[in-house]
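S.K.: I have a structure here, written as structure tokens, and I will follow up with some questions on it.
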Amino acid sequence: MSRPLTRSAALSPAWPLPLFLLRTAWGDQPFDDLTRYVTGLADAHLVEIVGEPVAALEGVSPTAGPTGVLPGLVTTLRRAGRSHPVPETLSLLTAAPGDSSSLPPDAGIRDDVSEAGWGLLVRDPETREAVCLTCVHPHPDVLRWRVRGVVDCPVAPQPDGPSAALSSLGRAVLEAAELIERSALVDRSAPSGVATAAVDLHQHVTRVPAGLPPRVLELVDRIDRVEAIISLALARPGVGVDPATREPVLRRLVAVKDAARRAAVAAAGDAAVRAG
């Protein structure tokens, strides 16, 4: 049986890394902006390099921190991205409890992403070599990165387009309407006895790079709103519908929210490649 959802259903705040990476490799974002984004994710970074030797990691030392991995990833994307479909070269991977639909059939990648909840996959379609990055927060001020080399990496499952992702998000929110309405703060001092809890969107605004297409920005904004709804529901486990009804509803919300993130990365990559 899969483990129940907890307050940790949100992805790492580092999940937009593929957006910054593709804007550097295929757009006009300076490389320094990418490195500043990565170093700014935490006060301290720990890096572990595992797996098999691949060209993108040649000469990379863990002591260089996560930015030491970036040049090889950007080079791989620039060399392969414009002659192959984006999902064959760059993918956001997610693994919510009970959902591994975005993961390629590689045991090491699946273990890493299942532990971290998310991952970034950069793959060379010509050699089938790939690098998978994941990170977790062992401490609020520390990110621990795992960098895995894979010499024969299958393609990750391709995500839906942004329109389909937006539609799925809308349907999932409608299905969760009862839970959302009942996830209210019980306030005995209120005249009615119940005061509706406000969803704090400011805590769920994703930082994204400049130059993303409007459709992708719309999708990320909708994802942030669904993230806020999920966080509100998870923060009040004793309020709302019964647990047997609540759990599948929340799982559905988390699954479509993460699928929408994967769609946003793919759509942003397609747009950057076409414009390049």
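Going by the structure tokens order, chains are called A, B, ..., each with residues numbered from 1, while ligands are numbered from 1 in the order shown.
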Got a sec: who's within 12 Å of A:Arg252, counting only C-alpha atoms, leaving out chain neighbours fewer than 2 positions off, as a PyMOL selection string?
M.R.: chain A and resi 5+9+96-99+168-176+226+230+245-250+254-259
S.K.: Can you list, as a PyMOL selection string, every protein, DNA or RNA residue that comes within 10 Å of A:Val122 when you count only C-alpha atoms, leaving out same-chain residues fewer than 6 positions away?
M.R.: chain A and resi 18+21+56+72-74+76-77+86-92+129-133+149+153
S.K.: Using only C-alpha atoms, tabulate the residues of stretch 103-175 of chain A lying at most 6 Å from any atom of stretch 45-54 of chain A, each with its closest atom pair and that distance in Å to one decimal, by chain and increasing residue number, as CSV.
M.R.:
residue,atom,partner,partner_atom,distance
A:Val142,CA,A:His45,CA,5.7
A:Leu143,CA,A:His45,CA,4.9
A:Arg144,CA,A:Leu46,CA,4.6
A:Trp145,CA,A:Val47,CA,4.7
A:Arg146,CA,A:Glu48,CA,4.8
A:Val147,CA,A:Ile49,CA,4.7
A:Arg148,CA,A:Val50,CA,4.8
A:Gly149,CA,A:Glu52,CA,4.8
A:Val150,CA,A:Glu52,CA,5.5
S.K.: Point out the residue among A:Asp270, A:Arg78, A:Ala210, A:Ala156 with the least atom-to-atom distance to A:Pro105, counting only C-alpha atoms.
M.R.: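 For A:Pro105, the nearest of the given residues is A:Ala156.
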S.K.: Select, from A:Pro85, A:Pro140, A:Pro154, A:Pro162, the residue with the minimum atom-to-atom distance to A:Arg128, counting only C-alpha atoms.
M.R.: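 The closest residue to A:Arg128 is A:Pro154.
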S.K.: Let me make sure I understand: among A:Val205, A:Ser101, A:Ala42, A:Gly161, which one has the smallest atom-to-atom distance to A:Gly269 if we use only C-alpha atoms?
M.R.: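 That would be A:Gly161, the residue with the smallest distance to A:Gly269.
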S.K.: Select from stretch 40-246 of chain A everything DSSP, run on the backbone, classes as helix (DSSP H, G or I), then give the selection as a PDB file with N, CA and C atoms, in the first residue's frame.
M.R.:
ATOM      1  N   ALA A  55      29.851  11.587 -20.053  1.00  0.00           N
ATOM      2  CA  ALA A  55      30.633  12.712 -20.562  1.00  0.00           C
ATOM      3  C   ALA A  55      30.279  14.026 -19.877  1.00  0.00           C
ATOM      4  N   ALA A  56      29.008  14.240 -19.576  1.00  0.00           N
ATOM      5  CA  ALA A  56      28.574  15.508 -18.990  1.00  0.00           C
ATOM      6  C   ALA A  56      29.144  15.742 -17.597  1.00  0.00           C
ATOM      7  N   LEU A  57      29.583  14.676 -16.934  1.00  0.00           N
ATOM      8  CA  LEU A  57      30.122  14.798 -15.575  1.00  0.00           C
ATOM      9  C   LEU A  57      31.638  14.626 -15.533  1.00  0.00           C
ATOM     10  N   PRO A  62      32.498  16.919  -6.531  1.00  0.00           N
ATOM     11  CA  PRO A  62      31.470  17.357  -5.578  1.00  0.00           C
ATOM     12  C   PRO A  62      31.843  18.632  -4.843  1.00  0.00           C
ATOM     13  N   THR A  63      33.145  18.892  -4.692  1.00  0.00           N
ATOM     14  CA  THR A  63      33.561  20.088  -3.966  1.00  0.00           C
ATOM     15  C   THR A  63      33.223  21.374  -4.714  1.00  0.00           C
ATOM     16  N   ALA A  64      32.926  21.262  -6.023  1.00  0.00           N
ATOM     17  CA  ALA A  64      32.551  22.445  -6.797  1.00  0.00           C
ATOM     18  C   ALA A  64      31.116  22.877  -6.536  1.00  0.00           C
ATOM     19  N   PRO A  66      26.813  22.369  -6.654  1.00  0.00           N
ATOM     20  CA  PRO A  66      25.902  22.048  -7.755  1.00  0.00           C
ATOM     21  C   PRO A  66      26.197  22.836  -9.027  1.00  0.00           C
ATOM     22  N   THR A  67      26.799  24.020  -8.900  1.00  0.00           N
ATOM     23  CA  THR A  67      27.090  24.794 -10.111  1.00  0.00           C
ATOM     24  C   THR A  67      28.162  24.137 -10.966  1.00  0.00           C
ATOM     25  N   GLY A  68      28.961  23.261 -10.382  1.00  0.00           N
ATOM     26  CA  GLY A  68      29.970  22.565 -11.159  1.00  0.00           C
ATOM     27  C   GLY A  68      29.387  21.610 -12.177  1.00  0.00           C
ATOM     28  N   VAL A  69      28.147  21.202 -11.961  1.00  0.00           N
ATOM     29  CA  VAL A  69      27.476  20.280 -12.881  1.00  0.00           C
ATOM     30  C   VAL A  69      26.864  21.026 -14.066  1.00  0.00           C
ATOM     31  N   LEU A  70      26.578  22.311 -13.904  1.00  0.00           N
ATOM     32  CA  LEU A  70      25.777  23.045 -14.885  1.00  0.00           C
ATOM     33  C   LEU A  70      26.423  23.160 -16.270  1.00  0.00           C
ATOM     34  N   PRO A  71      27.727  23.432 -16.405  1.00  0.00           N
ATOM     35  CA  PRO A  71      28.291  23.566 -17.755  1.00  0.00           C
ATOM     36  C   PRO A  71      28.069  22.331 -18.621  1.00  0.00           C
ATOM     37  N   GLY A  72      28.258  21.140 -18.054  1.00  0.00           N
ATOM     38  CA  GLY A  72      28.057  19.923 -18.827  1.00  0.00           C
ATOM     39  C   GLY A  72      26.611  19.740 -19.256  1.00  0.00           C
ATOM     40  N   LEU A  73      25.672  20.134 -18.395  1.00  0.00           N
ATOM     41  CA  LEU A  73      24.256  20.016 -18.739  1.00  0.00           C
ATOM     42  C   LEU A  73      23.886  20.991 -19.857  1.00  0.00           C
ATOM     43  N   VAL A  74      24.362  22.228 -19.738  1.00  0.00           N
ATOM     44  CA  VAL A  74      24.064  23.222 -20.776  1.00  0.00           C
ATOM     45  C   VAL A  74      24.668  22.797 -22.111  1.00  0.00           C
ATOM     46  N   THR A  75      25.883  22.281 -22.097  1.00  0.00           N
ATOM     47  CA  THR A  75      26.524  21.824 -23.331  1.00  0.00           C
ATOM     48  C   THR A  75      25.738  20.692 -23.968  1.00  0.00           C
ATOM     49  N   THR A  76      25.279  19.740 -23.147  1.00  0.00           N
ATOM     50  CA  THR A  76      24.483  18.622 -23.673  1.00  0.00           C
ATOM     51  C   THR A  76      23.201  19.122 -24.325  1.00  0.00           C
ATOM     52  N   LEU A  77      22.524  20.043 -23.688  1.00  0.00           N
ATOM     53  CA  LEU A  77      21.268  20.563 -24.231  1.00  0.00           C
ATOM     54  C   LEU A  77      21.505  21.344 -25.519  1.00  0.00           C
ATOM     55  N   ARG A  78      22.543  22.153 -25.543  1.00  0.00           N
ATOM     56  CA  ARG A  78      22.816  22.942 -26.749  1.00  0.00           C
ATOM     57  C   ARG A  78      23.180  22.049 -27.932  1.00  0.00           C
ATOM     58  N   ARG A  79      23.868  20.964 -27.662  1.00  0.00           N
ATOM     59  CA  ARG A  79      24.291  20.079 -28.739  1.00  0.00           C
ATOM     60  C   ARG A  79      23.131  19.237 -29.276  1.00  0.00           C
ATOM     61  N   ALA A  80      22.227  18.818 -28.395  1.00  0.00           N
ATOM     62  CA  ALA A  80      21.206  17.854 -28.796  1.00  0.00           C
ATOM     63  C   ALA A  80      19.804  18.435 -28.909  1.00  0.00           C
ATOM     64  N   GLY A  81      19.541  19.533 -28.210  1.00  0.00           N
ATOM     65  CA  GLY A  81      18.166  19.984 -28.061  1.00  0.00           C
ATOM     66  C   GLY A  81      17.480  20.422 -29.328  1.00  0.00           C
ATOM     67  N   ARG A  82      18.221  21.026 -30.266  1.00  0.00           N
ATOM     68  CA  ARG A  82      17.568  21.585 -31.444  1.00  0.00           C
ATOM     69  C   ARG A  82      17.332  20.551 -32.542  1.00  0.00           C
ATOM     70  N   SER A  83      17.867  19.353 -32.390  1.00  0.00           N
ATOM     71  CA  SER A  83      17.669  18.317 -33.407  1.00  0.00           C
ATOM     72  C   SER A  83      16.837  17.138 -32.896  1.00  0.00           C
ATOM     73  N   VAL A  86      12.136  17.961 -27.346  1.00  0.00           N
ATOM     74  CA  VAL A  86      12.588  18.396 -26.021  1.00  0.00           C
ATOM     75  C   VAL A  86      12.465  17.299 -24.959  1.00  0.00           C
ATOM     76  N   PRO A  87      11.349  16.550 -24.870  1.00  0.00           N
ATOM     77  CA  PRO A  87      11.270  15.525 -23.817  1.00  0.00           C
ATOM     78  C   PRO A  87      12.312  14.423 -23.939  1.00  0.00           C
ATOM     79  N   GLU A  88      12.976  14.308 -25.102  1.00  0.00           N
ATOM     80  CA  GLU A  88      14.051  13.324 -25.222  1.00  0.00           C
ATOM     81  C   GLU A  88      15.364  13.834 -24.625  1.00  0.00           C
ATOM     82  N   ALA A 107      16.276   1.895 -12.448  1.00  0.00           N
ATOM     83  CA  ALA A 107      16.122   1.698 -11.007  1.00  0.00           C
ATOM     84  C   ALA A 107      16.770   2.816 -10.199  1.00  0.00           C
ATOM     85  N   GLY A 108      17.974   3.248 -10.594  1.00  0.00           N
ATOM     86  CA  GLY A 108      18.647   4.301  -9.844  1.00  0.00           C
ATOM     87  C   GLY A 108      17.883   5.611  -9.874  1.00  0.00           C
ATOM     88  N   ILE A 109      17.408   5.997 -11.062  1.00  0.00           N
ATOM     89  CA  ILE A 109      16.635   7.234 -11.181  1.00  0.00           C
ATOM     90  C   ILE A 109      15.353   7.137 -10.367  1.00  0.00           C
ATOM     91  N   ARG A 110      14.666   6.010 -10.461  1.00  0.00           N
ATOM     92  CA  ARG A 110      13.421   5.847  -9.717  1.00  0.00           C
ATOM     93  C   ARG A 110      13.651   5.949  -8.210  1.00  0.00           C
ATOM     94  N   ASP A 111      14.720   5.347  -7.721  1.00  0.00           N
ATOM     95  CA  ASP A 111      15.003   5.431  -6.287  1.00  0.00           C
ATOM     96  C   ASP A 111      15.301   6.873  -5.877  1.00  0.00           C
ATOM     97  N   ASP A 112      16.129   7.572  -6.660  1.00  0.00           N
ATOM     98  CA  ASP A 112      16.498   8.950  -6.315  1.00  0.00           C
ATOM     99  C   ASP A 112      15.280   9.858  -6.307  1.00  0.00           C
ATOM    100  N   VAL A 113      14.460   9.760  -7.357  1.00  0.00           N
ATOM    101  CA  VAL A 113      13.305  10.653  -7.473  1.00  0.00           C
ATOM    102  C   VAL A 113      12.245  10.300  -6.434  1.00  0.00           C
ATOM    103  N   SER A 114      12.085   9.022  -6.146  1.00  0.00           N
ATOM    104  CA  SER A 114      11.120   8.637  -5.116  1.00  0.00           C
ATOM    105  C   SER A 114      11.514   9.190  -3.751  1.00  0.00           C
ATOM    106  N   GLU A 115      12.811   9.221  -3.481  1.00  0.00           N
ATOM    107  CA  GLU A 115      13.285   9.766  -2.204  1.00  0.00           C
ATOM    108  C   GLU A 115      13.103  11.275  -2.139  1.00  0.00           C
ATOM    109  N   ALA A 116      13.450  11.970  -3.227  1.00  0.00           N
ATOM    110  CA  ALA A 116      13.404  13.438  -3.230  1.00  0.00           C
ATOM    111  C   ALA A 116      12.034  13.987  -3.604  1.00  0.00           C
ATOM    112  N   PRO A 162       0.263  22.060 -22.667  1.00  0.00           N
ATOM    113  CA  PRO A 162      -0.248  22.978 -21.637  1.00  0.00           C
ATOM    114  C   PRO A 162      -1.762  23.082 -21.605  1.00  0.00           C
ATOM    115  N   SER A 163      -2.422  23.004 -22.759  1.00  0.00           N
ATOM    116  CA  SER A 163      -3.889  23.096 -22.771  1.00  0.00           C
ATOM    117  C   SER A 163      -4.508  21.908 -22.040  1.00  0.00           C
ATOM    118  N   ALA A 164      -4.004  20.709 -22.331  1.00  0.00           N
ATOM    119  CA  ALA A 164      -4.523  19.526 -21.650  1.00  0.00           C
ATOM    120  C   ALA A 164      -4.230  19.590 -20.158  1.00  0.00           C
ATOM    121  N   ALA A 165      -3.055  20.108 -19.784  1.00  0.00           N
ATOM    122  CA  ALA A 165      -2.705  20.216 -18.373  1.00  0.00           C
ATOM    123  C   ALA A 165      -3.626  21.190 -17.647  1.00  0.00           C
ATOM    124  N   LEU A 166      -3.913  22.325 -18.284  1.00  0.00           N
ATOM    125  CA  LEU A 166      -4.842  23.286 -17.683  1.00  0.00           C
ATOM    126  C   LEU A 166      -6.223  22.667 -17.511  1.00  0.00           C
ATOM    127  N   SER A 167      -6.671  21.922 -18.504  1.00  0.00           N
ATOM    128  CA  SER A 167      -7.979  21.272 -18.423  1.00  0.00           C
ATOM    129  C   SER A 167      -8.012  20.252 -17.292  1.00  0.00           C
ATOM    130  N   SER A 168      -6.963  19.471 -17.149  1.00  0.00           N
ATOM    131  CA  SER A 168      -6.911  18.473 -16.075  1.00  0.00           C
ATOM    132  C   SER A 168      -6.904  19.135 -14.701  1.00  0.00           C
ATOM    133  N   LEU A 169      -6.169  20.249 -14.582  1.00  0.00           N
ATOM    134  CA  LEU A 169      -6.176  20.985 -13.314  1.00  0.00           C
ATOM    135  C   LEU A 169      -7.578  21.469 -12.968  1.00  0.00           C
ATOM    136  N   GLY A 170      -8.269  22.018 -13.949  1.00  0.00           N
ATOM    137  CA  GLY A 170      -9.618  22.511 -13.713  1.00  0.00           C
ATOM    138  C   GLY A 170     -10.565  21.412 -13.272  1.00  0.00           C
ATOM    139  N   ARG A 171     -10.496  20.251 -13.945  1.00  0.00           N
ATOM    140  CA  ARG A 171     -11.363  19.133 -13.573  1.00  0.00           C
ATOM    141  C   ARG A 171     -11.045  18.636 -12.171  1.00  0.00           C
ATOM    142  N   ALA A 172      -9.754  18.566 -11.823  1.00  0.00           N
ATOM    143  CA  ALA A 172      -9.376  18.085 -10.499  1.00  0.00           C
ATOM    144  C   ALA A 172      -9.859  19.029  -9.402  1.00  0.00           C
ATOM    145  N   VAL A 173      -9.796  20.329  -9.660  1.00  0.00           N
ATOM    146  CA  VAL A 173     -10.287  21.295  -8.669  1.00  0.00           C
ATOM    147  C   VAL A 173     -11.802  21.166  -8.500  1.00  0.00           C
ATOM    148  N   LEU A 174     -12.519  20.965  -9.594  1.00  0.00           N
ATOM    149  CA  LEU A 174     -13.967  20.766  -9.490  1.00  0.00           C
ATOM    150  C   LEU A 174     -14.289  19.508  -8.695  1.00  0.00           C
ATOM    151  N   GLU A 175     -13.534  18.431  -8.938  1.00  0.00           N
ATOM    152  CA  GLU A 175     -13.761  17.191  -8.200  1.00  0.00           C
ATOM    153  C   GLU A 175     -13.482  17.374  -6.708  1.00  0.00           C
ATOM    154  N   ALA A 177     -14.010  20.156  -5.041  1.00  0.00           N
ATOM    155  CA  ALA A 177     -14.723  21.351  -4.564  1.00  0.00           C
ATOM    156  C   ALA A 177     -15.256  21.186  -3.155  1.00  0.00           C
ATOM    157  N   GLU A 178     -15.819  20.016  -2.851  1.00  0.00           N
ATOM    158  CA  GLU A 178     -16.385  19.814  -1.523  1.00  0.00           C
ATOM    159  C   GLU A 178     -15.305  19.875  -0.451  1.00  0.00           C
ATOM    160  N   LEU A 179     -14.169  19.224  -0.721  1.00  0.00           N
ATOM    161  CA  LEU A 179     -13.069  19.256   0.239  1.00  0.00           C
ATOM    162  C   LEU A 179     -12.543  20.666   0.420  1.00  0.00           C
ATOM    163  N   ILE A 180     -12.414  21.401  -0.674  1.00  0.00           N
ATOM    164  CA  ILE A 180     -11.912  22.768  -0.602  1.00  0.00           C
ATOM    165  C   ILE A 180     -12.850  23.634   0.233  1.00  0.00           C
ATOM    166  N   GLU A 181     -14.154  23.480   0.013  1.00  0.00           N
ATOM    167  CA  GLU A 181     -15.130  24.289   0.745  1.00  0.00           C
ATOM    168  C   GLU A 181     -15.140  23.951   2.231  1.00  0.00           C
ATOM    169  N   ARG A 182     -14.921  22.668   2.556  1.00  0.00           N
ATOM    170  CA  ARG A 182     -14.963  22.261   3.960  1.00  0.00           C
ATOM    171  C   ARG A 182     -13.641  22.479   4.689  1.00  0.00           C
ATOM    172  N   LEU A 201      -1.700  32.781  -1.252  1.00  0.00           N
ATOM    173  CA  LEU A 201      -1.011  32.527  -2.506  1.00  0.00           C
ATOM    174  C   LEU A 201       0.419  33.039  -2.483  1.00  0.00           C
ATOM    175  N   HIS A 202       0.711  34.013  -1.625  1.00  0.00           N
ATOM    176  CA  HIS A 202       2.057  34.593  -1.601  1.00  0.00           C
ATOM    177  C   HIS A 202       3.098  33.573  -1.164  1.00  0.00           C
ATOM    178  N   GLN A 203       2.689  32.546  -0.411  1.00  0.00           N
ATOM    179  CA  GLN A 203       3.619  31.508   0.001  1.00  0.00           C
ATOM    180  C   GLN A 203       3.825  30.467  -1.092  1.00  0.00           C
ATOM    181  N   HIS A 204       3.101  30.569  -2.187  1.00  0.00           N
ATOM    182  CA  HIS A 204       3.147  29.545  -3.229  1.00  0.00           C
ATOM    183  C   HIS A 204       3.361  30.170  -4.609  1.00  0.00           C
ATOM    184  N   PRO A 214       3.550  33.172 -22.538  1.00  0.00           N
ATOM    185  CA  PRO A 214       2.385  33.432 -21.682  1.00  0.00           C
ATOM    186  C   PRO A 214       1.632  32.174 -21.260  1.00  0.00           C
ATOM    187  N   ARG A 215       1.529  31.203 -22.159  1.00  0.00           N
ATOM    188  CA  ARG A 215       0.795  29.976 -21.821  1.00  0.00           C
ATOM    189  C   ARG A 215       1.467  29.238 -20.679  1.00  0.00           C
ATOM    190  N   VAL A 216       2.786  29.232 -20.659  1.00  0.00           N
ATOM    191  CA  VAL A 216       3.512  28.577 -19.578  1.00  0.00           C
ATOM    192  C   VAL A 216       3.338  29.350 -18.275  1.00  0.00           C
ATOM    193  N   LEU A 217       3.388  30.685 -18.345  1.00  0.00           N
ATOM    194  CA  LEU A 217       3.185  31.493 -17.142  1.00  0.00           C
ATOM    195  C   LEU A 217       1.781  31.294 -16.579  1.00  0.00           C
ATOM    196  N   GLU A 218       0.789  31.196 -17.463  1.00  0.00           N
ATOM    197  CA  GLU A 218      -0.577  30.934 -17.006  1.00  0.00           C
ATOM    198  C   GLU A 218      -0.659  29.585 -16.297  1.00  0.00           C
ATOM    199  N   LEU A 219       0.012  28.593 -16.852  1.00  0.00           N
ATOM    200  CA  LEU A 219      -0.010  27.265 -16.260  1.00  0.00           C
ATOM    201  C   LEU A 219       0.679  27.259 -14.899  1.00  0.00           C
ATOM    202  N   VAL A 220       1.822  27.920 -14.786  1.00  0.00           N
ATOM    203  CA  VAL A 220       2.532  27.972 -13.503  1.00  0.00           C
ATOM    204  C   VAL A 220       1.692  28.707 -12.455  1.00  0.00           C
ATOM    205  N   ASP A 221       1.016  29.779 -12.860  1.00  0.00           N
ATOM    206  CA  ASP A 221       0.144  30.498 -11.926  1.00  0.00           C
ATOM    207  C   ASP A 221      -0.980  29.593 -11.427  1.00  0.00           C
ATOM    208  N   ARG A 222      -1.583  28.813 -12.320  1.00  0.00           N
ATOM    209  CA  ARG A 222      -2.648  27.892 -11.915  1.00  0.00           C
ATOM    210  C   ARG A 222      -2.091  26.798 -10.994  1.00  0.00           C
ATOM    211  N   ILE A 223      -0.898  26.341 -11.282  1.00  0.00           N
ATOM    212  CA  ILE A 223      -0.259  25.336 -10.421  1.00  0.00           C
ATOM    213  C   ILE A 223      -0.060  25.897  -9.012  1.00  0.00           C
ATOM    214  N   ASP A 224       0.403  27.136  -8.922  1.00  0.00           N
ATOM    215  CA  ASP A 224       0.611  27.760  -7.611  1.00  0.00           C
ATOM    216  C   ASP A 224      -0.686  27.819  -6.815  1.00  0.00           C
ATOM    217  N   ARG A 225      -1.781  28.110  -7.503  1.00  0.00           N
ATOM    218  CA  ARG A 225      -3.076  28.181  -6.812  1.00  0.00           C
ATOM    219  C   ARG A 225      -3.512  26.806  -6.303  1.00  0.00           C
ATOM    220  N   VAL A 226      -3.309  25.784  -7.115  1.00  0.00           N
ATOM    221  CA  VAL A 226      -3.655  24.435  -6.673  1.00  0.00           C
ATOM    222  C   VAL A 226      -2.741  24.000  -5.530  1.00  0.00           C
ATOM    223  N   GLU A 227      -1.462  24.379  -5.590  1.00  0.00           N
ATOM    224  CA  GLU A 227      -0.532  24.078  -4.495  1.00  0.00           C
ATOM    225  C   GLU A 227      -1.022  24.686  -3.184  1.00  0.00           C
ATOM    226  N   ALA A 228      -1.520  25.913  -3.265  1.00  0.00           N
ATOM    227  CA  ALA A 228      -2.034  26.573  -2.068  1.00  0.00           C
ATOM    228  C   ALA A 228      -3.254  25.836  -1.516  1.00  0.00           C
ATOM    229  N   ILE A 229      -4.121  25.370  -2.402  1.00  0.00           N
ATOM    230  CA  ILE A 229      -5.302  24.619  -1.974  1.00  0.00           C
ATOM    231  C   ILE A 229      -4.892  23.327  -1.274  1.00  0.00           C
ATOM    232  N   ILE A 230      -3.933  22.623  -1.855  1.00  0.00           N
ATOM    233  CA  ILE A 230      -3.468  21.362  -1.267  1.00  0.00           C
ATOM    234  C   ILE A 230      -2.857  21.612   0.108  1.00  0.00           C
ATOM    235  N   SER A 231      -2.032  22.639   0.217  1.00  0.00           N
ATOM    236  CA  SER A 231      -1.390  22.942   1.493  1.00  0.00           C
ATOM    237  C   SER A 231      -2.416  23.272   2.565  1.00  0.00           C
ATOM    238  N   LEU A 232      -3.454  24.003   2.178  1.00  0.00           N
ATOM    239  CA  LEU A 232      -4.516  24.337   3.128  1.00  0.00           C
ATOM    240  C   LEU A 232      -5.219  23.080   3.612  1.00  0.00           C
ATOM    241  N   ALA A 233      -5.528  22.176   2.693  1.00  0.00           N
ATOM    242  CA  ALA A 233      -6.224  20.949   3.077  1.00  0.00           C
ATOM    243  C   ALA A 233      -5.342  20.061   3.943  1.00  0.00           C
ATOM    244  N   LEU A 234      -4.056  19.954   3.611  1.00  0.00           N
ATOM    245  CA  LEU A 234      -3.162  19.103   4.392  1.00  0.00           C
ATOM    246  C   LEU A 234      -2.884  19.677   5.775  1.00  0.00           C
ATOM    247  N   ALA A 235      -2.964  21.002   5.910  1.00  0.00           N
ATOM    248  CA  ALA A 235      -2.729  21.633   7.210  1.00  0.00           C
ATOM    249  C   ALA A 235      -3.897  21.428   8.166  1.00  0.00           C
ATOM    250  N   PRO A 243     -11.635  10.759   6.060  1.00  0.00           N
ATOM    251  CA  PRO A 243     -10.325  10.411   5.486  1.00  0.00           C
ATOM    252  C   PRO A 243     -10.406   9.486   4.278  1.00  0.00           C
ATOM    253  N   ALA A 244     -11.336   8.543   4.271  1.00  0.00           N
ATOM    254  CA  ALA A 244     -11.431   7.614   3.153  1.00  0.00           C
ATOM    255  C   ALA A 244     -11.794   8.324   1.859  1.00  0.00           C
ATOM    256  N   THR A 245     -12.533   9.414   1.956  1.00  0.00           N
ATOM    257  CA  THR A 245     -12.888  10.206   0.776  1.00  0.00           C
ATOM    258  C   THR A 245     -11.811  11.234   0.468  1.00  0.00           C
ATOM    259  N   ARG A 246     -11.231  11.777   1.518  1.00  0.00           N
ATOM    260  CA  ARG A 246     -10.260  12.853   1.382  1.00  0.00           C
ATOM    261  C   ARG A 246      -8.984  12.411   0.662  1.00  0.00           C
TER     262      ARG A 246
END
S.K.: Let me make sure I understand: among A:Val273, A:Leu120, A:Cys135, A:Ala267, which one has the smallest atom-to-atom distance to A:Ser12 if we use only C-alpha atoms?
M.R.: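 Checking each candidate against A:Ser12, we get A:Cys135 as the closest.
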S.K.: Find, counting only C-alpha atoms, the residue in A:Leu19, A:Val151, A:Ala260, A:Leu121 that gets nearest to A:Leu212.
M.R.: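 The shortest atom-to-atom distance to A:Leu212 comes from A:Leu19.
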